[in-house]
file query38.txt (compact mmCIF, C-alpha atoms)
# COMPACT_ATOMS: atom_id res chain seq x y z
CA MET A 1 20.97 -8.28 4.53
CA ARG A 2 24.01 -8.35 2.27
CA SER A 3 23.86 -9.25 -1.37
CA ALA A 4 26.26 -12.12 -0.76
CA GLU A 5 23.38 -13.92 0.90
CA PHE A 6 21.56 -14.17 -2.41
CA SER A 7 22.58 -16.35 -5.29
CA GLU A 8 22.61 -15.02 -8.83
CA ILE A 9 19.31 -16.84 -9.51
CA ASP A 10 17.78 -15.26 -6.40
CA ARG A 11 18.86 -11.79 -7.50
CA ARG A 12 17.54 -12.23 -11.02
CA LEU A 13 14.23 -13.60 -9.73
CA LEU A 14 13.87 -10.72 -7.26
CA ASN A 15 14.84 -7.90 -9.58
CA ASP A 16 13.72 -9.06 -13.02
CA PHE A 17 10.42 -10.79 -12.25
CA GLN A 18 8.50 -8.29 -10.15
CA GLN A 19 6.43 -7.86 -13.26
CA GLU A 20 6.14 -9.69 -16.57
CA PHE A 21 5.81 -13.05 -14.90
CA PRO A 22 5.02 -15.13 -17.99
CA LEU A 23 1.35 -15.66 -18.83
CA SER A 24 2.11 -18.95 -20.52
CA PRO A 25 1.26 -22.58 -19.76
CA THR A 26 4.74 -23.14 -18.28
CA PRO A 27 5.91 -19.84 -16.74
CA TYR A 28 8.59 -21.35 -14.49
CA ALA A 29 10.15 -23.20 -17.44
CA ASP A 30 10.09 -19.92 -19.44
CA ILE A 31 11.92 -18.10 -16.62
CA ALA A 32 14.36 -21.00 -16.35
CA ARG A 33 15.21 -20.66 -20.05
CA ALA A 34 15.78 -16.92 -19.65
CA LEU A 35 18.10 -17.52 -16.69
CA GLY A 36 19.83 -20.56 -18.16
CA VAL A 37 18.85 -22.88 -15.32
CA SER A 38 16.34 -25.71 -14.89
CA GLU A 39 12.64 -25.34 -14.10
CA ASP A 40 13.18 -27.21 -10.82
CA GLU A 41 15.87 -24.71 -9.81
CA VAL A 42 13.52 -21.78 -10.43
CA ILE A 43 10.70 -23.36 -8.42
CA ALA A 44 13.10 -24.28 -5.60
CA ALA A 45 14.64 -20.78 -5.53
CA LEU A 46 11.20 -19.14 -5.34
CA ALA A 47 10.22 -21.51 -2.53
CA ARG A 48 13.40 -20.56 -0.63
CA LEU A 49 12.83 -16.83 -1.18
CA GLN A 50 9.30 -17.15 0.13
CA ALA A 51 10.35 -19.31 3.08
CA ARG A 52 12.86 -16.67 4.20
CA GLY A 53 10.36 -13.88 3.67
CA ALA A 54 12.22 -12.08 0.88
CA VAL A 55 9.28 -12.59 -1.46
CA SER A 56 5.85 -12.41 0.10
CA ARG A 57 4.23 -14.14 -2.89
CA VAL A 58 4.36 -14.53 -6.63
CA GLY A 59 1.06 -13.33 -7.97
CA ALA A 60 -1.13 -10.53 -9.21
CA VAL A 61 -0.97 -6.99 -7.83
CA VAL A 62 -4.39 -5.45 -8.31
CA ARG A 63 -4.98 -1.73 -8.79
CA PRO A 64 -6.83 -0.36 -5.76
CA ASN A 65 -10.60 0.06 -6.05
CA THR A 66 -10.93 -1.82 -9.31
CA VAL A 67 -11.81 -5.18 -7.83
CA GLY A 68 -13.61 -4.27 -4.61
CA ALA A 69 -13.10 -1.16 -2.49
CA SER A 70 -10.23 -0.35 -0.17
CA THR A 71 -8.91 2.56 1.84
CA LEU A 72 -6.06 3.60 4.07
CA ALA A 73 -7.30 4.58 7.53
CA ALA A 74 -5.70 5.86 10.70
CA MET A 75 -6.46 6.13 14.40
CA SER A 76 -4.96 8.05 17.28
CA VAL A 77 -4.72 5.59 20.15
CA PRO A 78 -3.22 6.24 23.62
CA PRO A 79 -0.07 4.13 24.16
CA ALA A 80 -1.69 2.23 27.01
CA GLU A 81 -4.46 1.13 24.68
CA ILE A 82 -2.43 0.38 21.55
CA GLU A 83 -2.09 -3.39 22.08
CA ARG A 84 -5.82 -3.89 22.64
CA VAL A 85 -6.88 -1.68 19.76
CA ALA A 86 -4.23 -3.01 17.34
CA ALA A 87 -5.25 -6.60 18.05
CA LEU A 88 -8.89 -5.74 17.53
CA VAL A 89 -8.18 -3.99 14.23
CA SER A 90 -5.89 -6.79 12.97
CA GLY A 91 -8.61 -9.27 13.88
CA PHE A 92 -10.87 -7.96 11.13
CA PRO A 93 -10.46 -10.15 8.03
CA GLU A 94 -11.05 -6.99 5.94
CA VAL A 95 -7.83 -5.46 7.33
CA ASN A 96 -4.84 -6.63 5.31
CA HIS A 97 -2.12 -4.22 6.46
CA ASN A 98 -1.77 -2.73 9.92
CA TYR A 99 1.23 -0.65 10.96
CA GLU A 100 2.16 1.22 14.10
CA ARG A 101 3.77 4.56 13.17
CA GLU A 102 5.46 7.33 15.13
CA HIS A 103 2.85 10.09 15.09
CA ALA A 104 -0.20 11.28 17.04
CA LEU A 105 -2.05 9.19 14.45
CA ASN A 106 -0.20 6.04 15.45
CA LEU A 107 -2.20 3.18 13.95
CA TRP A 108 -2.43 2.97 10.15
CA PHE A 109 -4.22 0.21 8.33
CA VAL A 110 -5.62 -0.74 4.95
CA ALA A 111 -9.11 -2.20 4.83
CA SER A 112 -10.68 -3.87 1.78
CA ALA A 113 -14.17 -5.13 1.05
CA PRO A 114 -16.05 -6.31 -2.02
CA GLU A 115 -18.12 -3.08 -2.03
CA ALA A 116 -17.83 0.48 -0.75
CA ASP A 117 -20.89 0.08 1.51
CA ARG A 118 -19.33 -2.91 3.24
CA LEU A 119 -16.04 -1.01 3.61
CA ARG A 120 -17.81 1.91 5.31
CA ALA A 121 -19.55 -0.52 7.64
CA VAL A 122 -16.20 -2.10 8.59
CA LEU A 123 -14.69 1.30 9.45
CA ASP A 124 -17.76 2.24 11.49
CA ASP A 125 -17.59 -1.11 13.27
CA ILE A 126 -13.89 -0.61 14.11
CA ALA A 127 -14.67 2.85 15.52
CA ALA A 128 -17.59 1.55 17.55
CA ARG A 129 -15.76 -1.46 18.94
CA THR A 130 -12.53 0.35 19.82
CA GLY A 131 -14.11 3.61 20.97
CA TYR A 132 -11.71 5.67 18.86
CA GLU A 133 -12.27 7.76 15.77
CA VAL A 134 -11.23 6.25 12.45
CA LEU A 135 -9.98 8.71 9.83
CA ALA A 136 -10.32 7.40 6.28
CA PHE A 137 -7.77 8.34 3.64
CA PRO A 138 -9.27 6.88 0.48
CA LEU A 139 -7.23 7.06 -2.66
CA VAL A 140 -8.07 10.10 -4.80
CA GLU A 141 -5.47 9.43 -7.47
CA ASP A 142 -2.53 7.07 -7.87
CA TYR A 143 0.62 8.62 -9.35
CA HIS A 144 3.04 5.78 -9.10
CA ILE A 145 4.22 4.21 -12.31
CA ASP A 146 4.69 0.70 -11.04
CA LEU A 147 7.85 -0.62 -12.66
CA GLY A 148 8.70 -2.73 -9.66
CA PHE A 149 11.20 -1.63 -7.06
CA ASP A 150 14.93 -1.80 -7.77
CA LEU A 151 16.18 -3.68 -4.75
CA ARG A 152 19.87 -3.23 -5.64
CA ILE A 153 20.81 -6.47 -3.99
CA MET B 1 -12.15 15.30 16.61
CA ARG B 2 -15.38 13.60 17.26
CA PRO B 3 -15.02 10.20 18.80
CA ALA B 4 -15.91 6.79 17.52
CA SER B 5 -16.95 7.52 13.98
CA ALA B 6 -15.46 6.95 10.59
CA GLN B 7 -14.53 10.30 9.07
CA ALA B 8 -14.39 11.04 5.36
CA ALA B 9 -16.71 9.04 3.24
CA VAL B 10 -15.28 6.16 1.33
CA PRO B 11 -16.00 7.00 -2.29
CA ARG B 12 -18.46 4.90 -4.19
CA SER B 13 -16.57 3.31 -6.99
CA PRO B 14 -18.51 1.88 -9.89
CA PRO B 15 -17.91 -1.79 -10.60
CA ALA B 16 -14.84 -2.11 -12.78
CA ALA B 17 -15.89 -2.40 -16.39
CA GLY B 18 -15.59 -5.86 -17.83
CA ILE B 19 -15.11 -7.66 -14.52
CA ASP B 20 -17.34 -10.62 -13.92
CA ALA B 21 -17.51 -13.31 -11.27
CA ILE B 22 -14.99 -15.54 -13.05
CA ASP B 23 -12.50 -12.65 -13.33
CA ARG B 24 -12.88 -12.05 -9.60
CA ARG B 25 -12.20 -15.71 -8.88
CA ILE B 26 -9.06 -15.58 -11.05
CA VAL B 27 -7.85 -12.48 -9.22
CA ALA B 28 -8.58 -14.04 -5.84
CA ALA B 29 -6.79 -17.26 -6.81
CA THR B 30 -3.71 -15.59 -8.33
CA GLN B 31 -3.10 -12.65 -6.00
CA ALA B 32 -2.76 -14.93 -3.00
CA GLY B 33 0.17 -16.55 -4.81
CA LEU B 34 0.46 -18.75 -7.87
CA PRO B 35 1.08 -22.40 -7.06
CA ARG B 36 4.69 -23.49 -7.56
CA VAL B 37 3.91 -26.28 -9.96
CA PRO B 38 5.04 -26.54 -13.59
CA ARG B 39 1.58 -25.53 -14.90
CA PRO B 40 0.27 -23.03 -12.33
CA TYR B 41 -2.47 -21.55 -14.54
CA HIS B 42 -3.81 -25.03 -15.15
CA ALA B 43 -3.97 -25.52 -11.37
CA VAL B 44 -5.90 -22.24 -11.01
CA ALA B 45 -8.17 -23.24 -13.89
CA ASP B 46 -8.96 -26.62 -12.30
CA GLU B 47 -9.86 -24.88 -9.06
CA ILE B 48 -12.28 -22.55 -10.83
CA GLY B 49 -13.59 -25.05 -13.34
CA ILE B 50 -12.51 -23.34 -16.57
CA THR B 51 -9.67 -23.95 -19.01
CA ALA B 52 -6.11 -22.69 -18.51
CA ALA B 53 -6.40 -20.85 -21.82
CA GLU B 54 -9.38 -18.96 -20.40
CA VAL B 55 -7.44 -18.08 -17.22
CA MET B 56 -4.56 -16.69 -19.29
CA ARG B 57 -6.83 -14.87 -21.76
CA ARG B 58 -8.79 -13.18 -18.96
CA SER B 59 -5.59 -12.36 -17.02
CA ARG B 60 -4.09 -10.74 -20.12
CA HIS B 61 -7.26 -8.70 -20.58
CA MET B 62 -7.17 -7.53 -16.93
CA LEU B 63 -3.48 -6.62 -17.29
CA ASP B 64 -4.18 -4.64 -20.47
CA ALA B 65 -7.14 -2.89 -18.80
CA GLY B 66 -4.98 -1.99 -15.79
CA ILE B 67 -7.16 -3.95 -13.37
CA ILE B 68 -4.21 -6.20 -12.63
CA ARG B 69 -1.20 -3.91 -12.41
CA ARG B 70 1.38 -6.63 -12.70
CA ILE B 71 1.97 -10.31 -12.09
CA GLY B 72 5.25 -11.17 -10.48
CA ALA B 73 7.36 -11.64 -7.38
CA VAL B 74 6.19 -9.27 -4.64
CA PRO B 75 9.26 -8.36 -2.59
CA ASN B 76 9.10 -7.93 1.16
CA HIS B 77 11.20 -4.79 1.63
CA TYR B 78 11.71 -5.33 5.33
CA ALA B 79 13.05 -8.86 4.93
CA LEU B 80 15.38 -7.63 2.18
CA GLY B 81 17.12 -5.20 4.53
CA TYR B 82 15.04 -2.08 3.89
CA ARG B 83 14.34 -1.70 7.58
CA ALA B 84 13.30 1.96 7.52
CA ASN B 85 9.85 2.54 6.08
CA GLY B 86 8.85 6.19 5.94
CA MET B 87 5.41 7.28 4.88
CA THR B 88 6.19 10.81 3.72
CA VAL B 89 3.23 13.18 3.60
CA TRP B 90 3.15 16.58 1.93
CA ASP B 91 0.91 19.62 1.88
CA VAL B 92 1.01 20.85 -1.71
CA PRO B 93 -1.42 23.17 -3.55
CA ASP B 94 -4.50 21.23 -4.68
CA ASP B 95 -4.29 22.67 -8.18
CA ARG B 96 -0.79 21.26 -8.58
CA VAL B 97 -1.07 17.94 -6.78
CA ARG B 98 -1.47 15.89 -9.96
CA GLU B 99 1.48 17.44 -11.74
CA LEU B 100 3.69 17.15 -8.64
CA GLY B 101 2.42 13.69 -7.75
CA ARG B 102 3.46 12.40 -11.17
CA ILE B 103 6.97 13.77 -10.67
CA ILE B 104 7.31 12.25 -7.20
CA GLY B 105 5.67 8.97 -8.28
CA ALA B 106 8.26 8.56 -11.02
CA LEU B 107 11.23 8.75 -8.60
CA ASP B 108 12.90 5.35 -8.40
CA PHE B 109 13.00 5.31 -4.59
CA VAL B 110 9.27 5.99 -4.18
CA SER B 111 7.23 2.77 -4.07
CA HIS B 112 3.79 4.40 -3.82
CA ALA B 113 2.56 7.95 -4.50
CA TYR B 114 -1.05 8.88 -3.86
CA HIS B 115 -3.33 11.88 -3.63
CA ARG B 116 -5.41 11.40 -0.48
CA PRO B 117 -7.82 13.74 1.33
CA ARG B 118 -6.74 16.22 4.00
CA HIS B 119 -8.37 16.17 7.44
CA PRO B 120 -7.92 19.76 8.60
CA PRO B 121 -6.87 21.09 10.98
CA ASP B 122 -4.89 18.12 12.28
CA TRP B 123 -3.94 16.63 8.94
CA PRO B 124 -3.09 19.21 6.25
CA TYR B 125 -1.33 16.74 3.94
CA ASN B 126 -2.72 15.71 0.55
CA LEU B 127 0.20 13.87 -1.12
CA PHE B 128 1.54 10.58 0.25
CA ALA B 129 4.80 9.00 -0.95
CA MET B 130 6.19 5.79 0.51
CA VAL B 131 9.98 5.75 0.85
CA HIS B 132 12.05 2.73 1.84
CA GLY B 133 15.62 2.85 3.10
CA ARG B 134 18.11 0.66 4.86
CA ASP B 135 18.03 3.10 7.76
CA ARG B 136 16.42 6.41 8.69
CA ALA B 137 19.36 8.44 7.41
CA GLU B 138 18.77 6.99 3.95
CA VAL B 139 15.07 7.85 4.15
CA GLU B 140 15.86 11.40 5.34
CA GLU B 141 18.18 11.90 2.40
CA LYS B 142 15.39 10.86 0.05
CA VAL B 143 12.94 13.18 1.82
CA ARG B 144 15.34 16.07 1.14
CA ARG B 145 15.39 15.11 -2.53
CA ILE B 146 11.57 15.10 -2.69
CA ALA B 147 11.51 18.50 -0.92
CA ALA B 148 13.98 19.83 -3.50
CA PHE B 149 11.73 18.64 -6.35
CA LEU B 150 8.70 20.29 -4.74
CA GLY B 151 10.44 23.59 -3.93
CA ASP B 152 7.96 26.29 -2.83
CA ASN B 153 5.07 23.86 -3.35
CA ASP B 154 6.17 22.07 -0.16
CA ARG B 155 4.03 23.97 2.34
CA GLY B 156 4.77 21.47 5.07
CA HIS B 157 5.63 17.80 5.33
CA ASP B 158 6.13 15.02 7.82
CA VAL B 159 7.61 11.51 7.81
CA LEU B 160 5.81 8.75 9.67
CA TYR B 161 8.14 5.84 10.37
CA SER B 162 6.65 2.46 10.98
CA THR B 163 7.70 1.02 14.31
CA ARG B 164 5.85 -2.27 14.06
CA ILE B 165 4.20 -4.31 11.35
CA LEU B 166 1.13 -5.59 13.14
CA LYS B 167 -0.45 -7.35 10.19
CA LYS B 168 0.55 -7.79 6.56
CA THR B 169 -1.26 -10.16 4.29
CA GLY B 170 -1.89 -10.09 0.60
CA LEU B 171 -5.07 -8.38 -0.42
CA ARG B 172 -7.95 -10.76 -0.01
CA ILE B 173 -11.08 -10.08 -1.90
CA GLY B 174 -14.38 -11.79 -1.59
CA GLN B 175 -15.83 -13.70 -4.45
call {"tool": "encode", "arguments": {"input": "query38.txt", "output": "structure tokens"}}
result
Amino acid sequence: MRSAEFSEIDRRLLNDFQQEFPLSPTPYADIARALGVSEDEVIAALARLQARGAVSRVGAVVRPNTVGASTLAAMSVPPAEIERVAALVSGFPEVNHNYEREHALNLWFVASAPEADRLRAVLDDIAARTGYEVLAFPLVEDYHIDLGFDLRI
Amino acid sequence: MRPASAQAAVPRSPPAAGIDAIDRRIVAATQAGLPRVPRPYHAVADEIGITAAEVMRRSRHMLDAGIIRRIGAVPNHYALGYRANGMTVWDVPDDRVRELGRIIGALDFVSHAYHRPRHPPDWPYNLFAMVHGRDRAEVEEKVRRIAAFLGDNDRGHDVLYSTRILKKTGLRIGQ
């Protein structure tokens, strides 16, 4: 995707508002003032960015394991079984990310639940229903200083 | 590996200090996406049955406490042209993982850096760093830079490229 496909408002919204979205009664109007455009233009630009998938949402990013429990987990699934197992895993409402990766451990997902006990039960249930071992990789410590990601678009 | 069981216990985490049911409802309502209306916090407040001032006050508190890391536009790297997504994993000495993790986590091309448990013998890696690039060559170049930062502490590493996104939704928490 080339930068020419994004307007100046799009670029500013994408790069400058990954954090510090205003906690004020009228956040879109505040952003509009900062960008020198109208509130309607900001709302319309965000709607376009979401419609084309460039922004998945405008909202809160919660630190893992502070509100509920979550973990990364992985499975080693034979290629012939990957579609069945992946669909089963994705079908769990507790699974919010599920990626196929090039490795013997080829299915990687993130599962979240309100409590750790429920999370363990979900992983056990996935193992039991798929017939494959689930390796859990719970967060021990987070080192990333989240300043947003410079998209350089 | 023993079949059909969940390995490595999920740690018990104590309930986050200062979080009550209303905070959880605010998080649930805002992390799925703020409404695109002129007064979005008022819309959230109406849904929960509290005032907008209370929504903003509690959100500020959760931001200050680090429970909410940030509020903003969440970019979709893949849709923005970052088609190569490499989960880089490193085997570094346990007594240095924090110090090294902080260095790697501060690199501008690393979007996540975590200490996670090893699963020996098949999985010797204890440091995970997510690297995005427009193509694999760009990711590989970044992997070489991480390896250079780690030096002799890099006792082995691997890069797991994603080949398919099978599911990606915002975090949903129960209320």
call {"tool": "interface_residues", "arguments": {"input": "query38.txt", "of": "chain A", "to": "chain B", "cutoff": "7 Å", "atoms": "only C-alpha atoms", "output": "mmCIF file with C-alpha atoms, in the frame of the given file"}}
result
data_model
loop_
_atom_site.group_PDB
_atom_site.id
_atom_site.type_symbol
_atom_site.label_atom_id
_atom_site.label_comp_id
_atom_site.auth_asym_id
_atom_site.auth_seq_id
_atom_site.Cartn_x
_atom_site.Cartn_y
_atom_site.Cartn_z
ATOM 1 C CA MET A 1 20.970 -8.280 4.530
ATOM 2 C CA LEU A 14 13.870 -10.720 -7.260
ATOM 3 C CA PHE A 17 10.420 -10.790 -12.250
ATOM 4 C CA GLN A 18 8.500 -8.290 -10.150
ATOM 5 C CA GLN A 19 6.430 -7.860 -13.260
ATOM 6 C CA GLU A 20 6.140 -9.690 -16.570
ATOM 7 C CA PHE A 21 5.810 -13.050 -14.900
ATOM 8 C CA LEU A 23 1.350 -15.660 -18.830
ATOM 9 C CA PRO A 25 1.260 -22.580 -19.760
ATOM 10 C CA THR A 26 4.740 -23.140 -18.280
ATOM 11 C CA TYR A 28 8.590 -21.350 -14.490
ATOM 12 C CA ILE A 43 10.700 -23.360 -8.420
ATOM 13 C CA GLY A 53 10.360 -13.880 3.670
ATOM 14 C CA ALA A 54 12.220 -12.080 0.880
ATOM 15 C CA VAL A 55 9.280 -12.590 -1.460
ATOM 16 C CA SER A 56 5.850 -12.410 0.100
ATOM 17 C CA ARG A 57 4.230 -14.140 -2.890
ATOM 18 C CA VAL A 58 4.360 -14.530 -6.630
ATOM 19 C CA GLY A 59 1.060 -13.330 -7.970
ATOM 20 C CA ALA A 60 -1.130 -10.530 -9.210
ATOM 21 C CA VAL A 61 -0.970 -6.990 -7.830
ATOM 22 C CA VAL A 62 -4.390 -5.450 -8.310
ATOM 23 C CA ARG A 63 -4.980 -1.730 -8.790
ATOM 24 C CA ASN A 65 -10.600 0.060 -6.050
ATOM 25 C CA THR A 66 -10.930 -1.820 -9.310
ATOM 26 C CA VAL A 67 -11.810 -5.180 -7.830
ATOM 27 C CA GLY A 68 -13.610 -4.270 -4.610
ATOM 28 C CA SER A 90 -5.890 -6.790 12.970
ATOM 29 C CA ASN A 96 -4.840 -6.630 5.310
ATOM 30 C CA HIS A 97 -2.120 -4.220 6.460
ATOM 31 C CA ASN A 98 -1.770 -2.730 9.920
ATOM 32 C CA TYR A 99 1.230 -0.650 10.960
ATOM 33 C CA GLU A 100 2.160 1.220 14.100
ATOM 34 C CA ARG A 101 3.770 4.560 13.170
ATOM 35 C CA GLU A 102 5.460 7.330 15.130
ATOM 36 C CA HIS A 103 2.850 10.090 15.090
ATOM 37 C CA ALA A 113 -14.170 -5.130 1.050
ATOM 38 C CA PRO A 114 -16.050 -6.310 -2.020
ATOM 39 C CA ALA A 116 -17.830 0.480 -0.750
ATOM 40 C CA ARG A 120 -17.810 1.910 5.310
ATOM 41 C CA LEU A 123 -14.690 1.300 9.450
ATOM 42 C CA ASP A 124 -17.760 2.240 11.490
ATOM 43 C CA ALA A 127 -14.670 2.850 15.520
ATOM 44 C CA ALA A 128 -17.590 1.550 17.550
ATOM 45 C CA GLY A 131 -14.110 3.610 20.970
ATOM 46 C CA TYR A 132 -11.710 5.670 18.860
ATOM 47 C CA GLU A 133 -12.270 7.760 15.770
ATOM 48 C CA VAL A 134 -11.230 6.250 12.450
ATOM 49 C CA LEU A 135 -9.980 8.710 9.830
ATOM 50 C CA ALA A 136 -10.320 7.400 6.280
ATOM 51 C CA PHE A 137 -7.770 8.340 3.640
ATOM 52 C CA PRO A 138 -9.270 6.880 0.480
ATOM 53 C CA LEU A 139 -7.230 7.060 -2.660
ATOM 54 C CA VAL A 140 -8.070 10.100 -4.800
ATOM 55 C CA GLU A 141 -5.470 9.430 -7.470
ATOM 56 C CA ASP A 142 -2.530 7.070 -7.870
ATOM 57 C CA TYR A 143 0.620 8.620 -9.350
ATOM 58 C CA HIS A 144 3.040 5.780 -9.100
ATOM 59 C CA ILE A 145 4.220 4.210 -12.310
ATOM 60 C CA PHE A 149 11.200 -1.630 -7.060
#
call {"tool": "closest_residue", "arguments": {"input": "query38.txt", "among": "A:Arg33, A:Val122, A:Val85, A:Ala74", "to": "Trp108 of chain A", "atoms": "all atoms listed in the file"}}
result
A:Ala74
call {"tool": "atom_distance", "arguments": {"input": "query38.txt", "atom1": "atom CA of Glu141 of chain B", "atom2": "atom CA of Tyr125 of chain B"}}
result
20.2 Å
call {"tool": "closest_residue", "arguments": {"input": "query38.txt", "among": "B:Met130, B:Pro124, B:Ile48, B:Glu140", "to": "Asp94 of chain B", "atoms": "only C-alpha atoms"}}
result
B:Pro124
call {"tool": "atom_distance", "arguments": {"input": "query38.txt", "atom1": "atom CA of Pro64 of chain A", "atom2": "atom CA of Asp64 of chain B"}}
result
15.5 Å
call {"tool": "axis_aligned_box", "arguments": {"input": "query38.txt", "around": "segment 22-38 of chain B", "padding_each_side": "4 Å", "output": "AutoDock Vina command-line options"}}
result
--center_x -5.0 --center_y -19.3 --center_z -8.3 --size_x 28.0 --size_y 22.5 --size_z 18.6
call {"tool": "atom_distance", "arguments": {"input": "query38.txt", "atom1": "atom CA of Leu72 of chain A", "atom2": "atom CA of Arg58 of chain B"}}
result
28.6 Å
call {"tool": "decode", "arguments": {"input": "query38.txt", "residues": "segment 48-113 of chain A", "atoms": "C-alpha atoms", "output": "PDB file, in the first residue's frame"}}
result
ATOM      1  CA  ARG A  48     -13.162   5.181   5.905  1.00  0.00           C
ATOM      2  CA  LEU A  49      -9.973   3.906   7.570  1.00  0.00           C
ATOM      3  CA  GLN A  50     -11.972   1.304   9.447  1.00  0.00           C
ATOM      4  CA  ALA A  51     -13.988   0.311   6.384  1.00  0.00           C
ATOM      5  CA  ARG A  52     -10.794  -0.389   4.422  1.00  0.00           C
ATOM      6  CA  GLY A  53      -9.261  -2.242   7.344  1.00  0.00           C
ATOM      7  CA  ALA A  54      -6.371   0.161   7.981  1.00  0.00           C
ATOM      8  CA  VAL A  55      -7.629   0.788  11.510  1.00  0.00           C
ATOM      9  CA  SER A  56      -9.184  -2.153  13.281  1.00  0.00           C
ATOM     10  CA  ARG A  57     -10.853   0.092  15.865  1.00  0.00           C
ATOM     11  CA  VAL A  58     -10.476   3.258  17.871  1.00  0.00           C
ATOM     12  CA  GLY A  59     -10.535   2.268  21.500  1.00  0.00           C
ATOM     13  CA  ALA A  60      -8.727   1.116  24.591  1.00  0.00           C
ATOM     14  CA  VAL A  61      -5.762  -1.256  24.515  1.00  0.00           C
ATOM     15  CA  VAL A  62      -5.730  -3.110  27.812  1.00  0.00           C
ATOM     16  CA  ARG A  63      -2.579  -4.449  29.447  1.00  0.00           C
ATOM     17  CA  PRO A  64      -2.680  -8.262  29.430  1.00  0.00           C
ATOM     18  CA  ASN A  65      -3.825  -9.993  32.612  1.00  0.00           C
ATOM     19  CA  THR A  66      -5.048  -6.856  34.333  1.00  0.00           C
ATOM     20  CA  VAL A  67      -8.678  -7.152  33.323  1.00  0.00           C
ATOM     21  CA  GLY A  68      -9.205 -10.902  33.045  1.00  0.00           C
ATOM     22  CA  ALA A  69      -6.606 -13.530  32.150  1.00  0.00           C
ATOM     23  CA  SER A  70      -5.106 -14.297  28.771  1.00  0.00           C
ATOM     24  CA  THR A  71      -2.337 -16.375  27.276  1.00  0.00           C
ATOM     25  CA  LEU A  72      -0.622 -17.164  24.022  1.00  0.00           C
ATOM     26  CA  ALA A  73      -0.897 -20.859  23.177  1.00  0.00           C
ATOM     27  CA  ALA A  74       0.330 -23.093  20.390  1.00  0.00           C
ATOM     28  CA  MET A  75      -0.409 -26.480  18.866  1.00  0.00           C
ATOM     29  CA  SER A  76       1.398 -28.771  16.483  1.00  0.00           C
ATOM     30  CA  VAL A  77      -1.212 -29.973  14.016  1.00  0.00           C
ATOM     31  CA  PRO A  78      -0.641 -32.244  10.978  1.00  0.00           C
ATOM     32  CA  PRO A  79      -1.297 -30.338   7.718  1.00  0.00           C
ATOM     33  CA  ALA A  80      -4.185 -32.632   6.831  1.00  0.00           C
ATOM     34  CA  GLU A  81      -5.896 -31.695  10.079  1.00  0.00           C
ATOM     35  CA  ILE A  82      -5.152 -27.964  10.170  1.00  0.00           C
ATOM     36  CA  GLU A  83      -8.464 -26.769   8.680  1.00  0.00           C
ATOM     37  CA  ARG A  84     -10.566 -28.797  11.107  1.00  0.00           C
ATOM     38  CA  VAL A  85      -8.517 -27.897  14.152  1.00  0.00           C
ATOM     39  CA  ALA A  86      -8.160 -24.201  13.210  1.00  0.00           C
ATOM     40  CA  ALA A  87     -11.909 -23.867  12.705  1.00  0.00           C
ATOM     41  CA  LEU A  88     -12.572 -25.534  16.036  1.00  0.00           C
ATOM     42  CA  VAL A  89     -10.108 -23.263  17.849  1.00  0.00           C
ATOM     43  CA  SER A  90     -11.419 -20.101  16.144  1.00  0.00           C
ATOM     44  CA  GLY A  91     -14.931 -21.156  17.107  1.00  0.00           C
ATOM     45  CA  PHE A  92     -14.203 -20.579  20.782  1.00  0.00           C
ATOM     46  CA  PRO A  93     -15.421 -17.098  21.761  1.00  0.00           C
ATOM     47  CA  GLU A  94     -12.475 -16.946  24.209  1.00  0.00           C
ATOM     48  CA  VAL A  95     -10.020 -17.091  21.278  1.00  0.00           C
ATOM     49  CA  ASN A  96      -9.448 -13.615  19.872  1.00  0.00           C
ATOM     50  CA  HIS A  97      -6.372 -14.143  17.680  1.00  0.00           C
ATOM     51  CA  ASN A  98      -5.529 -17.283  15.740  1.00  0.00           C
ATOM     52  CA  TYR A  99      -2.615 -17.464  13.309  1.00  0.00           C
ATOM     53  CA  GLU A 100      -1.138 -20.218  11.201  1.00  0.00           C
ATOM     54  CA  ARG A 101       2.681 -20.002  11.313  1.00  0.00           C
ATOM     55  CA  GLU A 102       5.499 -21.799   9.528  1.00  0.00           C
ATOM     56  CA  HIS A 103       6.868 -24.084  12.238  1.00  0.00           C
ATOM     57  CA  ALA A 104       6.307 -27.541  13.730  1.00  0.00           C
ATOM     58  CA  LEU A 105       4.142 -25.587  16.177  1.00  0.00           C
ATOM     59  CA  ASN A 106       1.927 -24.271  13.401  1.00  0.00           C
ATOM     60  CA  LEU A 107      -1.180 -22.945  15.129  1.00  0.00           C
ATOM     61  CA  TRP A 108      -0.776 -19.972  17.493  1.00  0.00           C
ATOM     62  CA  PHE A 109      -3.648 -18.334  19.267  1.00  0.00           C
ATOM     63  CA  VAL A 110      -4.464 -15.975  22.104  1.00  0.00           C
ATOM     64  CA  ALA A 111      -7.199 -16.988  24.520  1.00  0.00           C
ATOM     65  CA  SER A 112      -8.782 -14.693  27.120  1.00  0.00           C
ATOM     66  CA  ALA A 113     -11.226 -15.300  29.941  1.00  0.00           C
TER      67      ALA A 113
END
